[in-house]
$ cat data_31.tsv   # TSV, C-alpha atoms
chain	number	residue	atom	x	y	z
M	661	MET	CA	-5.74	-9.12	12.99
M	662	GLY	CA	-9.22	-9.36	14.48
M	663	PHE	CA	-12.17	-10.50	12.39
M	664	GLN	CA	-14.09	-7.32	13.29
M	665	LEU	CA	-11.33	-5.18	11.77
M	666	ASN	CA	-12.36	-6.46	8.34
M	667	TYR	CA	-15.66	-4.60	8.63
M	668	SER	CA	-16.18	-2.07	5.85
M	669	ALA	CA	-17.37	1.48	6.44
M	670	LEU	CA	-20.92	0.34	5.60
M	671	ASP	CA	-20.65	-2.60	8.02
M	672	ARG	CA	-19.61	-0.25	10.80
M	673	ALA	CA	-22.36	2.23	9.99
M	674	LEU	CA	-24.99	-0.55	10.13
M	675	HIS	CA	-23.55	-1.75	13.41
M	676	ARG	CA	-23.81	1.73	14.93
M	677	LEU	CA	-27.39	2.04	13.69
M	678	ALA	CA	-28.46	-1.36	15.04
M	679	PHE	CA	-26.97	-0.80	18.49
M	680	GLY	CA	-27.25	2.97	18.73
M	681	ALA	CA	-31.02	3.44	18.50
M	682	PRO	CA	-32.83	2.36	21.70
M	683	GLY	CA	-35.57	-0.15	21.01
M	684	LEU	CA	-34.65	-0.71	17.36
M	685	GLN	CA	-33.64	-4.34	17.84
M	686	LEU	CA	-36.83	-5.14	19.77
M	687	ALA	CA	-38.94	-3.38	17.16
M	688	ALA	CA	-37.25	-5.38	14.39
M	689	ALA	CA	-37.86	-8.59	16.35
M	690	ASP	CA	-41.54	-7.76	16.70
M	691	ILE	CA	-41.87	-7.12	12.95
M	692	GLU	CA	-40.07	-10.38	12.28
M	693	SER	CA	-42.50	-12.31	14.51
M	694	ARG	CA	-45.42	-10.91	12.53
M	695	LEU	CA	-43.86	-11.55	9.13
M	696	TYR	CA	-42.71	-15.08	9.85
M	697	GLY	CA	-45.24	-16.14	12.46
M	698	GLU	CA	-46.46	-19.20	10.57
M	699	GLU	CA	-42.93	-20.40	9.85
M	700	ILE	CA	-41.88	-19.89	13.46
M	701	ARG	CA	-44.90	-21.75	14.81
M	702	ALA	CA	-44.09	-24.71	12.55
M	703	VAL	CA	-40.75	-25.22	14.32
M	704	GLU	CA	-40.48	-28.01	16.85
M	705	ALA	CA	-37.46	-26.98	18.87
M	706	GLY	CA	-35.86	-29.72	20.95
M	707	PRO	CA	-34.13	-29.17	24.30
M	708	PRO	CA	-31.46	-26.48	23.92
M	709	VAL	CA	-27.81	-26.94	24.81
M	710	PHE	CA	-25.95	-24.11	26.53
M	711	ILE	CA	-22.14	-23.95	26.74
M	712	PRO	CA	-21.00	-21.46	29.41
M	713	SER	CA	-17.79	-21.16	31.42
M	714	LEU	CA	-15.06	-18.69	32.10
M	715	PRO	CA	-13.48	-17.59	28.81
M	716	ARG	CA	-10.51	-19.65	27.58
M	717	ALA	CA	-12.04	-22.90	28.89
M	718	GLY	CA	-12.63	-24.37	25.44
M	719	THR	CA	-16.19	-23.11	24.97
M	720	THR	CA	-15.57	-21.91	21.40
M	721	LEU	CA	-13.99	-25.23	20.45
M	722	LEU	CA	-16.91	-27.14	21.96
M	723	LEU	CA	-19.35	-24.91	20.07
M	724	GLU	CA	-17.53	-25.56	16.79
M	725	VAL	CA	-17.55	-29.31	17.44
M	726	LEU	CA	-21.23	-29.63	18.35
M	727	HIS	CA	-22.25	-27.26	15.56
M	728	ARG	CA	-21.10	-29.93	13.09
M	729	PHE	CA	-24.05	-32.12	14.09
M	730	PRO	CA	-27.28	-31.71	12.08
M	731	ALA	CA	-29.47	-31.46	15.16
M	732	PHE	CA	-28.06	-28.11	16.26
M	733	ALA	CA	-28.73	-24.53	15.18
M	734	ALA	CA	-26.72	-21.59	16.51
M	735	HIS	CA	-26.18	-17.89	16.01
M	736	CYS	CA	-23.48	-17.11	13.47
M	737	TYR	CA	-21.60	-14.00	12.44
M	738	ARG	CA	-24.09	-13.32	9.65
M	739	ASP	CA	-26.65	-12.44	12.33
M	740	MET	CA	-24.75	-9.24	13.12
M	741	PRO	CA	-25.74	-6.54	13.64
M	742	PHE	CA	-29.49	-7.28	13.96
M	743	VAL	CA	-29.01	-10.17	16.38
M	744	MET	CA	-32.56	-10.01	17.74
M	745	ALA	CA	-34.16	-10.22	14.30
M	746	PRO	CA	-32.05	-12.85	12.50
M	747	MET	CA	-34.68	-13.92	9.95
M	748	VAL	CA	-35.46	-10.39	8.77
M	749	TRP	CA	-31.77	-9.53	8.61
M	750	ALA	CA	-30.99	-12.69	6.63
M	751	ARG	CA	-33.60	-11.67	4.05
M	752	LEU	CA	-32.48	-8.04	3.88
M	753	SER	CA	-28.76	-8.83	3.71
M	754	GLY	CA	-29.14	-11.59	1.14
M	755	ALA	CA	-28.58	-9.18	-1.74
M	756	PHE	CA	-25.08	-8.34	-0.49
M	757	ARG	CA	-24.23	-11.63	1.19
M	758	LYS	CA	-20.50	-11.95	1.78
M	759	ARG	CA	-18.34	-14.98	1.09
M	760	ALA	CA	-17.51	-17.18	4.05
M	761	GLU	CA	-13.78	-16.46	4.06
M	762	LEU	CA	-11.93	-17.25	7.26
M	763	ALA	CA	-9.85	-14.87	9.35
M	764	GLU	CA	-8.26	-15.15	12.78
M	765	ARG	CA	-10.48	-13.87	15.57
M	766	ALA	CA	-9.47	-10.95	17.77
M	767	HIS	CA	-8.20	-13.24	20.55
M	768	GLY	CA	-5.07	-13.99	18.54
M	769	ASP	CA	-5.30	-17.66	19.48
M	770	GLY	CA	-5.14	-19.12	15.97
M	771	MET	CA	-8.86	-19.93	15.74
M	772	GLU	CA	-10.19	-18.85	12.34
M	773	ILE	CA	-13.76	-17.65	11.89
M	774	GLY	CA	-15.96	-16.51	9.03
M	775	PHE	CA	-19.47	-15.23	8.47
M	776	ASP	CA	-20.91	-18.74	8.76
M	777	SER	CA	-19.04	-19.59	11.96
M	778	PRO	CA	-21.16	-19.97	15.10
M	779	GLU	CA	-20.65	-17.26	17.69
M	780	ALA	CA	-21.88	-15.92	21.04
M	781	PHE	CA	-24.41	-13.14	20.50
M	782	GLU	CA	-27.00	-14.21	23.05
M	783	GLU	CA	-25.77	-11.76	25.69
M	784	VAL	CA	-27.51	-9.01	23.71
M	785	LEU	CA	-30.84	-10.54	24.72
M	786	TRP	CA	-29.96	-10.89	28.39
M	787	ARG	CA	-28.75	-7.32	28.60
M	788	THR	CA	-31.93	-6.07	26.90
M	789	PHE	CA	-34.27	-7.70	29.41
M	790	TRP	CA	-32.12	-7.44	32.54
M	791	PRO	CA	-30.24	-4.11	32.24
M	792	GLU	CA	-30.27	-3.76	36.01
M	793	LYS	CA	-27.80	-6.64	36.32
M	794	TYR	CA	-25.06	-4.68	34.56
M	795	SER	CA	-23.08	-1.87	36.17
M	796	ASP	CA	-19.69	-0.30	35.56
M	797	GLY	CA	-18.35	-2.23	38.53
M	798	GLY	CA	-19.48	-5.68	37.47
M	799	ILE	CA	-22.28	-8.05	36.59
M	800	ALA	CA	-24.67	-9.40	39.24
M	801	LEU	CA	-25.82	-13.00	39.48
M	802	TRP	CA	-29.31	-14.05	38.38
M	803	SER	CA	-31.40	-16.09	40.81
M	804	ALA	CA	-34.14	-18.57	40.00
M	805	GLY	CA	-36.64	-15.89	41.00
M	806	ASP	CA	-35.35	-13.32	38.52
M	807	GLY	CA	-37.49	-14.63	35.67
M	808	LYS	CA	-39.59	-12.25	33.59
M	809	ALA	CA	-42.61	-13.46	31.63
M	810	GLU	CA	-41.89	-11.16	28.68
M	811	ALA	CA	-38.30	-12.36	28.48
M	812	ALA	CA	-39.28	-16.04	28.70
M	813	THR	CA	-41.73	-15.59	25.80
M	814	PHE	CA	-39.15	-13.72	23.73
M	815	PHE	CA	-36.41	-16.30	24.36
M	816	ALA	CA	-38.66	-19.25	23.51
M	817	GLU	CA	-39.59	-17.66	20.19
M	818	HIS	CA	-36.04	-16.50	19.47
M	819	LEU	CA	-34.72	-20.05	19.83
M	820	LYS	CA	-37.29	-21.16	17.25
M	821	LYS	CA	-36.20	-18.39	14.90
M	822	ILE	CA	-32.61	-19.61	14.94
M	823	VAL	CA	-33.77	-23.17	14.25
M	824	ALA	CA	-36.04	-21.96	11.43
M	825	LEU	CA	-33.19	-19.99	9.88
M	826	ARG	CA	-30.46	-22.63	10.16
M	827	ARG	CA	-32.32	-25.94	9.77
M	828	PRO	CA	-34.46	-26.28	6.60
M	829	PRO	CA	-37.73	-28.29	6.69
M	830	GLN	CA	-37.41	-32.07	6.56
M	831	GLY	CA	-39.68	-34.27	4.43
M	832	ASP	CA	-42.97	-33.37	2.77
M	833	SER	CA	-44.66	-32.08	5.91
M	834	GLY	CA	-42.70	-28.83	5.94
M	835	GLN	CA	-42.06	-29.39	9.64
M	836	GLN	CA	-38.86	-27.91	10.97
M	837	GLY	CA	-36.96	-29.23	13.93
M	838	GLY	CA	-33.68	-28.74	15.68
M	839	ARG	CA	-32.03	-27.78	18.92
M	840	TYR	CA	-30.74	-24.35	19.78
M	841	LEU	CA	-27.02	-24.36	20.58
M	842	SER	CA	-25.59	-21.50	22.59
M	843	LYS	CA	-22.05	-20.63	23.61
M	844	ASN	CA	-22.29	-17.76	26.06
M	845	ASN	CA	-19.74	-17.50	28.84
M	846	GLY	CA	-21.99	-15.06	30.69
M	847	ASN	CA	-24.51	-17.81	31.35
M	848	ILE	CA	-22.44	-19.03	34.31
M	849	ALA	CA	-23.96	-16.01	36.08
M	850	ARG	CA	-27.50	-17.33	35.55
M	851	LEU	CA	-27.38	-21.10	36.00
M	852	ASP	CA	-30.29	-21.05	38.45
M	853	LEU	CA	-32.51	-19.11	36.07
M	854	LEU	CA	-31.45	-21.05	32.96
M	855	THR	CA	-32.49	-24.36	34.45
M	856	ARG	CA	-35.87	-22.88	35.41
M	857	MET	CA	-36.50	-21.16	32.06
M	858	PHE	CA	-35.46	-24.24	30.07
M	859	PRO	CA	-36.23	-27.31	32.23
M	860	GLY	CA	-35.24	-29.74	29.46
M	861	ALA	CA	-31.98	-27.98	28.59
M	862	ARG	CA	-28.48	-29.34	29.04
M	863	ILE	CA	-25.77	-26.99	30.26
M	864	VAL	CA	-22.22	-28.14	29.44
M	865	VAL	CA	-19.54	-26.35	31.46
M	866	PRO	CA	-15.95	-27.11	30.42
M	867	PHE	CA	-13.12	-26.42	32.85
M	868	ARG	CA	-9.35	-26.31	32.52
M	869	ARG	CA	-6.49	-26.83	34.93
M	870	PRO	CA	-6.68	-23.69	37.07
M	871	LEU	CA	-3.14	-22.33	36.80
M	872	GLU	CA	-3.02	-22.73	33.02
M	873	HIS	CA	-6.51	-21.28	32.72
M	874	ALA	CA	-5.65	-18.26	34.86
M	875	ALA	CA	-2.50	-17.62	32.83
M	876	SER	CA	-4.52	-17.78	29.61
M	877	LEU	CA	-7.06	-15.33	31.02
M	878	LEU	CA	-4.25	-12.94	31.94
M	879	ARG	CA	-2.74	-13.13	28.44
M	880	GLN	CA	-6.10	-12.36	26.85
M	881	HIS	CA	-6.70	-9.46	29.21
M	882	GLU	CA	-3.38	-7.96	28.18
M	883	ASN	CA	-4.14	-8.66	24.52
M	884	PHE	CA	-7.47	-6.83	24.71
M	885	LEU	CA	-6.05	-3.92	26.69
M	886	THR	CA	-3.83	-3.27	23.67
M	887	LEU	CA	-6.57	-3.98	21.14
M	888	HIS	CA	-9.13	-1.72	22.81
M	889	ARG	CA	-6.58	1.07	23.01
M	890	GLU	CA	-5.50	0.78	19.37
M	891	GLU	CA	-8.81	-0.20	17.73
M	892	PRO	CA	-11.79	1.79	19.08
M	893	PHE	CA	-14.27	-0.05	16.85
M	894	VAL	CA	-13.32	-3.42	18.36
M	895	ARG	CA	-13.98	-1.96	21.80
M	896	ARG	CA	-17.34	-0.63	20.61
M	897	TYR	CA	-18.21	-3.97	18.98
M	898	MET	CA	-17.39	-6.00	22.10
M	899	ALA	CA	-19.32	-3.60	24.34
M	900	ASP	CA	-22.39	-3.75	22.11
M	901	ILE	CA	-22.55	-7.55	22.15
M	902	GLY	CA	-21.93	-7.70	25.89
M	903	HIS	CA	-18.44	-9.20	25.95
M	904	TYR	CA	-17.03	-7.68	29.13
M	905	GLU	CA	-14.49	-10.34	30.00
M	906	PHE	CA	-11.25	-8.57	29.12
M	907	GLY	CA	-9.42	-5.35	28.45
M	908	ALA	CA	-10.80	-1.88	29.02
M	909	LEU	CA	-14.32	-3.38	29.17
M	910	HIS	CA	-13.58	-5.86	31.97
M	911	ARG	CA	-16.47	-6.25	34.39
M	912	PRO	CA	-16.19	-9.20	36.80
M	913	ILE	CA	-19.20	-11.37	37.54
M	914	ALA	CA	-20.05	-11.02	41.24
M	915	PHE	CA	-19.51	-14.63	42.30
M	916	PRO	CA	-19.81	-15.27	46.04
M	917	GLY	CA	-16.45	-14.79	47.72
M	918	LEU	CA	-14.80	-13.09	44.75
M	919	ALA	CA	-14.43	-9.76	46.53
M	920	ASP	CA	-12.71	-11.41	49.50
M	921	LEU	CA	-10.35	-13.33	47.24
M	922	THR	CA	-9.38	-10.32	45.14
M	923	GLN	CA	-9.08	-7.92	48.07
M	924	GLY	CA	-6.70	-9.86	50.25
M	925	ARG	CA	-3.61	-8.57	51.99
M	926	ASP	CA	-1.58	-8.45	48.78
M	927	PRO	CA	-2.53	-5.28	46.84
M	928	GLN	CA	-1.34	-6.91	43.61
M	929	ARG	CA	-4.29	-9.26	43.84
M	930	LEU	CA	-6.56	-6.32	43.09
M	931	ASP	CA	-4.95	-5.84	39.70
M	932	PRO	CA	-6.37	-7.78	36.70
M	933	ARG	CA	-2.87	-7.51	35.21
M	934	GLY	CA	-1.66	-10.01	37.81
M	935	LEU	CA	-1.95	-13.80	37.78
M	936	ASP	CA	-3.43	-13.98	41.29
M	937	TYR	CA	-6.46	-11.94	40.23
M	938	TRP	CA	-7.41	-14.43	37.53
M	939	LEU	CA	-6.68	-17.44	39.73
M	940	ALA	CA	-8.96	-15.94	42.39
M	941	THR	CA	-11.60	-15.41	39.69
M	942	TRP	CA	-11.24	-19.06	38.64
M	943	ILE	CA	-11.76	-20.22	42.24
M	944	ALA	CA	-14.83	-18.09	42.87
M	945	ALA	CA	-16.40	-18.98	39.53
M	946	PHE	CA	-15.92	-22.73	39.77
M	947	GLU	CA	-16.85	-22.96	43.44
M	948	HIS	CA	-20.14	-21.39	42.41
M	949	ILE	CA	-20.50	-23.70	39.39
M	950	ALA	CA	-19.65	-26.80	41.44
M	951	ALA	CA	-22.31	-25.93	44.00
M	952	ARG	CA	-24.95	-25.43	41.31
M	953	GLN	CA	-23.95	-28.64	39.53
M	954	ALA	CA	-24.25	-30.62	42.76
M	955	GLN	CA	-27.82	-29.36	43.11
M	956	ASN	CA	-28.73	-30.15	39.50
M	957	PRO	CA	-26.45	-32.87	38.08
M	958	GLU	CA	-28.98	-33.93	35.45
M	959	GLN	CA	-28.94	-30.58	33.65
M	960	ILE	CA	-25.48	-29.19	34.43
M	961	LEU	CA	-22.67	-31.31	32.97
M	962	LEU	CA	-19.02	-30.68	33.81
M	963	LEU	CA	-16.35	-31.44	31.23
M	964	SER	CA	-12.57	-31.43	31.57
M	965	TYR	CA	-11.07	-29.58	28.62
M	966	GLU	CA	-7.80	-31.51	28.78
M	967	ASP	CA	-9.45	-34.91	29.16
M	968	THR	CA	-11.91	-34.22	26.35
M	969	CYS	CA	-9.15	-33.16	23.96
M	970	ALA	CA	-7.15	-36.25	24.86
M	971	GLY	CA	-10.18	-38.51	24.58
M	972	GLY	CA	-11.07	-37.33	21.08
M	973	ARG	CA	-13.70	-39.48	19.39
M	974	ASP	CA	-14.55	-41.55	22.47
M	975	ALA	CA	-14.97	-38.45	24.64
M	976	LEU	CA	-17.20	-36.83	22.04
M	977	ALA	CA	-19.32	-39.95	21.65
M	978	ALA	CA	-19.81	-40.03	25.41
M	979	LEU	CA	-20.84	-36.37	25.42
M	980	CYS	CA	-23.32	-36.97	22.59
M	981	ALA	CA	-24.88	-39.76	24.63
M	982	ARG	CA	-25.23	-37.46	27.64
M	983	LEU	CA	-26.81	-34.78	25.45
M	984	ASP	CA	-29.06	-37.31	23.69
M	985	VAL	CA	-27.88	-36.12	20.29
M	986	ASP	CA	-27.33	-38.16	17.13
M	987	PRO	CA	-23.99	-37.20	15.49
M	988	GLY	CA	-25.53	-38.02	12.11
M	989	GLY	CA	-22.36	-39.50	10.62
M	990	GLU	CA	-20.30	-36.45	11.60
M	991	LEU	CA	-18.66	-37.87	14.70
M	992	ASP	CA	-15.21	-38.47	13.21
M	993	LYS	CA	-15.05	-35.11	11.43
M	994	ALA	CA	-16.20	-33.27	14.53
M	995	ALA	CA	-13.79	-35.15	16.81
M	996	ALA	CA	-10.91	-34.23	14.48
M	997	LEU	CA	-11.28	-30.63	15.70
M	998	PHE	CA	-9.94	-31.65	19.10
M	999	LYS	CA	-6.21	-31.02	19.38
M	1000	ALA	CA	-3.80	-31.75	22.18
M	1001	PRO	CA	-3.76	-28.90	24.73
M	1002	PRO	CA	-0.72	-26.63	24.48
M	1003	PRO	CA	2.22	-27.41	26.78
M	1004	ALA	CA	2.08	-25.94	30.27
M	1005	ARG	CA	3.21	-22.32	30.37
M	1006	ALA	CA	2.21	-21.28	33.89
M	1007	ASN	CA	4.46	-21.61	36.91
M	1008	ALA	CA	2.99	-22.24	40.35
M	1009	SER	CA	5.77	-20.14	41.90
M	1010	ASP	CA	4.27	-17.08	40.19
M	1011	ALA	CA	1.01	-17.35	42.16
M	1012	ASP	CA	-0.04	-17.16	45.79
M	1013	PRO	CA	0.48	-20.67	47.26
M	1014	ALA	CA	-2.79	-20.43	49.20
M	1015	LEU	CA	-4.70	-19.70	46.00
M	1016	VAL	CA	-2.94	-22.53	44.16
M	1017	LYS	CA	-3.87	-24.96	46.94
M	1018	ARG	CA	-7.51	-23.87	47.00
M	1019	ALA	CA	-7.78	-23.98	43.20
M	1020	THR	CA	-6.33	-27.51	43.16
M	1021	GLU	CA	-8.95	-28.62	45.68
M	1022	VAL	CA	-11.74	-27.10	43.58
M	1023	GLU	CA	-10.40	-28.78	40.46
M	1024	GLN	CA	-10.49	-32.14	42.22
M	1025	ARG	CA	-14.15	-31.58	43.10
M	1026	LEU	CA	-14.88	-30.73	39.47
M	1027	ARG	CA	-13.10	-33.83	38.21
M	1028	GLU	CA	-15.01	-36.06	40.61
M	1029	ALA	CA	-18.32	-34.53	39.57
M	1030	ALA	CA	-17.42	-34.81	35.88
M	1031	GLY	CA	-16.49	-38.46	36.30
M	1032	ALA	CA	-19.73	-39.21	38.13

$ encode --input "data_31.tsv" --output "structure tokens"
Amino acid sequence: MGFQLNYSALDRALHRLAFGAPGLQLAAADIESRLYGEEIRAVEAGPPVFIPSLPRAGTTLLLEVLHRFPAFAAHCYRDMPFVMAPMVWARLSGAFRKRAELAERAHGDGMEIGFDSPEAFEEVLWRTFWPEKYSDGGIALWSAGDGKAEAATFFAEHLKKIVALRRPPQGDSGQQGGRYLSKNNGNIARLDLLTRMFPGARIVVPFRRPLEHAASLLRQHENFLTLHREEPFVRRYMADIGHYEFGALHRPIAFPGLADLTQGRDPQRLDPRGLDYWLATWIAAFEHIAARQAQNPEQILLLSYEDTCAGGRDALAALCARLDVDPGGELDKAAALFKAPPPARANASDADPALVKRATEVEQRLREAAGA
């Protein structure tokens, strides 16, 4: 049962209102900036941390782990549906605030979420300011030159709003501080622009063993094909927040070389219901990520999902050092969230040997860069 299926009739009506009226979210954000201007200006936001990757790479787990640390502030489910005006919505919805009961998310992967759980809603902002990047056929890459002054101003203030909302003032000065924490898989399409917009940011990109990752992507695609067919509201919800990874909404990111990989001699490779399609997607995505990381190793950090889970506390302590974040006494509790990866379920004989070989070579490059 997906978390979104617990929405009441009123919840669904509010959602349709928030995402159905053009300009309403931006108008609410503008009102919010006027109402809370002094509070927002008092925030000293530290360097943000972005967690992007292909889905199923462990980004949600990493978000949950880092969110345990007092330095970080992130979007949570309570920000829906007025994602772009979180402070106003928190005030308006306070009268009917819901209990933070947990329920399994729509992915059916055993991860439980509630209204206070951190989540990925940032894509709403990117789609608002760069609608030209989205088409029915896919999502284009952002370049370093795609910046927009209005968007940069909005993002900088929005990050402060999340910190103001989630991190109360410290001491007698009333000064607020914290670091924006974002899990948004779509940000792998805009690594060049992210590093330019946020020069002090750290971008943590987890990766998994390619064959297992591709198999997991295929299972989720099949899961969401069924879910979108049987639950129209879930499809509407995912479309509104810009989650186009799976199911009837699937729109591939236009990584260099992806078209050649998915349009090879085998017609099955064209079909997202086949393992080769997702393995080809893995190759194109991580070849692109590896190239960007090599150009900017200070900001873009690669992280092996399997090694991090196995490393537990020590791996998390090392990551905190790289992010320059103080765990604040929460290191052991946060590290306890890491579990051993599930046993291998994919079989190399089910995939194109040429793709398996190329993916293995890319994984080796990633591991070398992560170790460095």

$ closest_residue --input "data_31.tsv" --among "M:Pro866, M:Glu792, M:Ala940, M:Gly860" --to "Cys969 in chain M" --atoms "only C-alpha atoms"
M:Pro866

$ closest_residue --input "data_31.tsv" --among "M:Ile960, M:Ala1004, M:Met898, M:Ala950" --to "Arg1027 in chain M" --atoms "only C-alpha atoms"
M:Ala950

$ residues_around --input "data_31.tsv" --residues "Ala717 in chain M" --least-positions-apart "4" --cutoff "7 Å" --atoms "all atoms listed in the file" --output "VMD selection string"
chain M and resid 713 866 to 868 873 965

$ atom_distance --input "data_31.tsv" --atom1 "CA of Asp1010 in chain M" --atom2 "CA of Thr886 in chain M"
23.0 Å

$ closest_residue --input "data_31.tsv" --among "M:Lys843, M:Arg895, M:His948, M:Arg850" --to "Val1022 in chain M" --atoms "only C-alpha atoms"
M:His948

$ axis_aligned_box --input "data_31.tsv" --around "range 720-738 of chain M" --padding-each-side "6 Å" --output "lines of an AutoDock Vina configuration file"
center_x = -21.7
center_y = -22.7
center_z = 15.8
size_x = 27.5
size_y = 30.8
size_z = 24.3

$ atom_distance --input "data_31.tsv" --atom1 "CA of Gln953 in chain M" --atom2 "CA of Thr720 in chain M"
21.1 Å

$ atom_distance --input "data_31.tsv" --atom1 "CA of Asp936 in chain M" --atom2 "CA of Arg1025 in chain M"
20.7 Å

$ closest_residue --input "data_31.tsv" --among "M:Phe781, M:Arg952, M:Thr813, M:Ala945" --to "Leu921 in chain M" --atoms "all atoms listed in the file"
M:Ala945

$ closest_atom_pairs --input "data_31.tsv" --of "range 674-737 of chain M" --to "range 978-994 of chain M" --cutoff "10 Å" --atoms "all atoms listed in the file" --output "CSV"
residue,atom,partner,partner_atom,distance
M:Pro707,CA,M:Leu983,CA,9.3
M:Pro708,CA,M:Leu983,CA,9.6
M:Val709,CA,M:Leu983,CA,7.9
M:Leu722,CA,M:Ala994,CA,9.7
M:Glu724,CA,M:Ala994,CA,8.1
M:Val725,CA,M:Ala994,CA,5.1
M:Leu726,CA,M:Ala994,CA,7.3
M:His727,CA,M:Ala994,CA,8.6
M:Arg728,CA,M:Ala994,CA,6.1
M:Phe729,CA,M:Pro987,CA,5.3
M:Pro730,CA,M:Gly988,CA,6.5
M:Ala731,CA,M:Val985,CA,7.1
M:Phe732,CA,M:Val985,CA,9.0

$ write_last_selection --input "data_31.tsv" --atoms "C-alpha atoms" --output "PDB file, in the frame of the given file"
ATOM      1  CA  PRO M 707     -34.130 -29.170  24.300  1.00  0.00           C
ATOM      2  CA  PRO M 708     -31.460 -26.480  23.920  1.00  0.00           C
ATOM      3  CA  VAL M 709     -27.810 -26.940  24.810  1.00  0.00           C
ATOM      4  CA  LEU M 722     -16.910 -27.140  21.960  1.00  0.00           C
ATOM      5  CA  GLU M 724     -17.530 -25.560  16.790  1.00  0.00           C
ATOM      6  CA  VAL M 725     -17.550 -29.310  17.440  1.00  0.00           C
ATOM      7  CA  LEU M 726     -21.230 -29.630  18.350  1.00  0.00           C
ATOM      8  CA  HIS M 727     -22.250 -27.260  15.560  1.00  0.00           C
ATOM      9  CA  ARG M 728     -21.100 -29.930  13.090  1.00  0.00           C
ATOM     10  CA  PHE M 729     -24.050 -32.120  14.090  1.00  0.00           C
ATOM     11  CA  PRO M 730     -27.280 -31.710  12.080  1.00  0.00           C
ATOM     12  CA  ALA M 731     -29.470 -31.460  15.160  1.00  0.00           C
ATOM     13  CA  PHE M 732     -28.060 -28.110  16.260  1.00  0.00           C
TER      14      PHE M 732
END

$ residues_around --input "data_31.tsv" --residues "Ile691 in chain M" --least-positions-apart "6" --cutoff "10 Å" --atoms "only C-alpha atoms" --output "PyMOL selection string"
chain M and resi 685+697+745+748

$ residues_around --input "data_31.tsv" --residues "Ala1006 in chain M" --least-positions-apart "6" --cutoff "12 Å" --atoms "all atoms listed in the file" --output "PyMOL selection string"
chain M and resi 869-879+935-936+939+1016

$ decode --input "data_31.tsv" --residues "range 959-975 of chain M" --atoms "C-alpha atoms" --output "tab-separated table (two decimals), in the first residue's frame"
chain	number	residue	atom	x	y	z
M	959	GLN	CA	32.29	18.92	-4.97
M	960	ILE	CA	31.07	15.64	-6.47
M	961	LEU	CA	31.63	12.66	-4.17
M	962	LEU	CA	31.05	9.08	-5.31
M	963	LEU	CA	29.89	6.49	-2.80
M	964	SER	CA	29.52	2.73	-3.19
M	965	TYR	CA	26.18	1.66	-1.77
M	966	GLU	CA	27.39	-1.84	-0.93
M	967	ASP	CA	30.65	-0.68	0.65
M	968	THR	CA	28.90	2.00	2.69
M	969	CYS	CA	26.33	-0.45	4.04
M	970	ALA	CA	29.08	-2.90	4.93
M	971	GLY	CA	31.23	-0.18	6.47
M	972	GLY	CA	28.49	1.06	8.78
M	973	ARG	CA	29.72	3.47	11.43
M	974	ASP	CA	33.22	3.85	10.01
M	975	ALA	CA	31.91	4.56	6.51
